[in-house]
Amino acid sequence: MKLKSGTVWVRIQKKADQLNTQVPDQIYIESGELALPLSVTSASKITITSLTPNTCQPSSAGLMPVGKGICRIQIDSAGTTFYKPGKWNKLIRIRGTQDATFDLKNEYLLSDRSLALTTQTTAGLPIEYSVITPPTCSVVGSTVQFLDKGRCQIIASQVGDTYTDPMQRYLLQFSLIASNERSEEH
């Protein structure tokens, strides 16, 4: 008995590819490049595309934050013989920190009448000041008004915004003296 040769067609049902790596919900711009060692079930080639290039951009290791805000990325896998190409959209909040520098002396002359303080944090947000020694000094905006001799104490703070953490609170303090009380240390 002779068998007739022929072609057998096999239909392969491709599986959906799966992203095997967790993408963080939030990163800090100051942290620099974010390593994203991405992998998919199919082990196929993966590409990352930024849908918000002013906030984040693909890099050789993963992702580079370039601005604060929402980073939208699209992750694509090429697929294989057994896996369909995959596409995933991820959102990552890019946050920032802030600080401020205060260059104050230990003493000021009461006759100087006022002192201008730093107006913004490193993130460009306005600093808020509140006096805790009102008989000695007061604050209007970012200017300290000298009222009387004694210790002037001021709290400097900044609450942050949607994408910037609060600044740590600072206690600013100095003495207000009459000109004849000036110490030798300046």
# chains A, B, ... in the order shown; residues from 1 in each chain; ligands from 1

$ closest_atom_pairs --of "stretch 95-139 of chain A" --to "stretch 63-83 of chain A" --cutoff "12 Å" --atoms "only C-alpha atoms" --output "JSON lines"
{"residue": "A:Arg95", "atom": "CA", "partner": "A:Lys68", "partner_atom": "CA", "distance": 5.4}
{"residue": "A:Gly96", "atom": "CA", "partner": "A:Lys68", "partner_atom": "CA", "distance": 6.6}
{"residue": "A:Thr97", "atom": "CA", "partner": "A:Lys68", "partner_atom": "CA", "distance": 10.2}
{"residue": "A:Ala123", "atom": "CA", "partner": "A:Lys68", "partner_atom": "CA", "distance": 10.4}

$ closest_residue --among "A:Ile155, A:Leu176, A:Met167, A:Ile48" --to "A:Lys87" --atoms "only C-alpha atoms"
A:Ile48

$ atom_distance --atom1 "atom CA of A:Thr55" --atom2 "atom CA of A:Ile29"
9.4 Å

$ select_by_dssp --residues "chain A" --states "helix (DSSP H, G or I)" --output "PyMOL selection string"
chain A and resi 29-31+110-112+179-181

$ closest_residue --among "A:Asp103, A:Thr41, A:Thr164, A:Gln22" --to "A:Thr122" --atoms "only C-alpha atoms"
A:Thr164
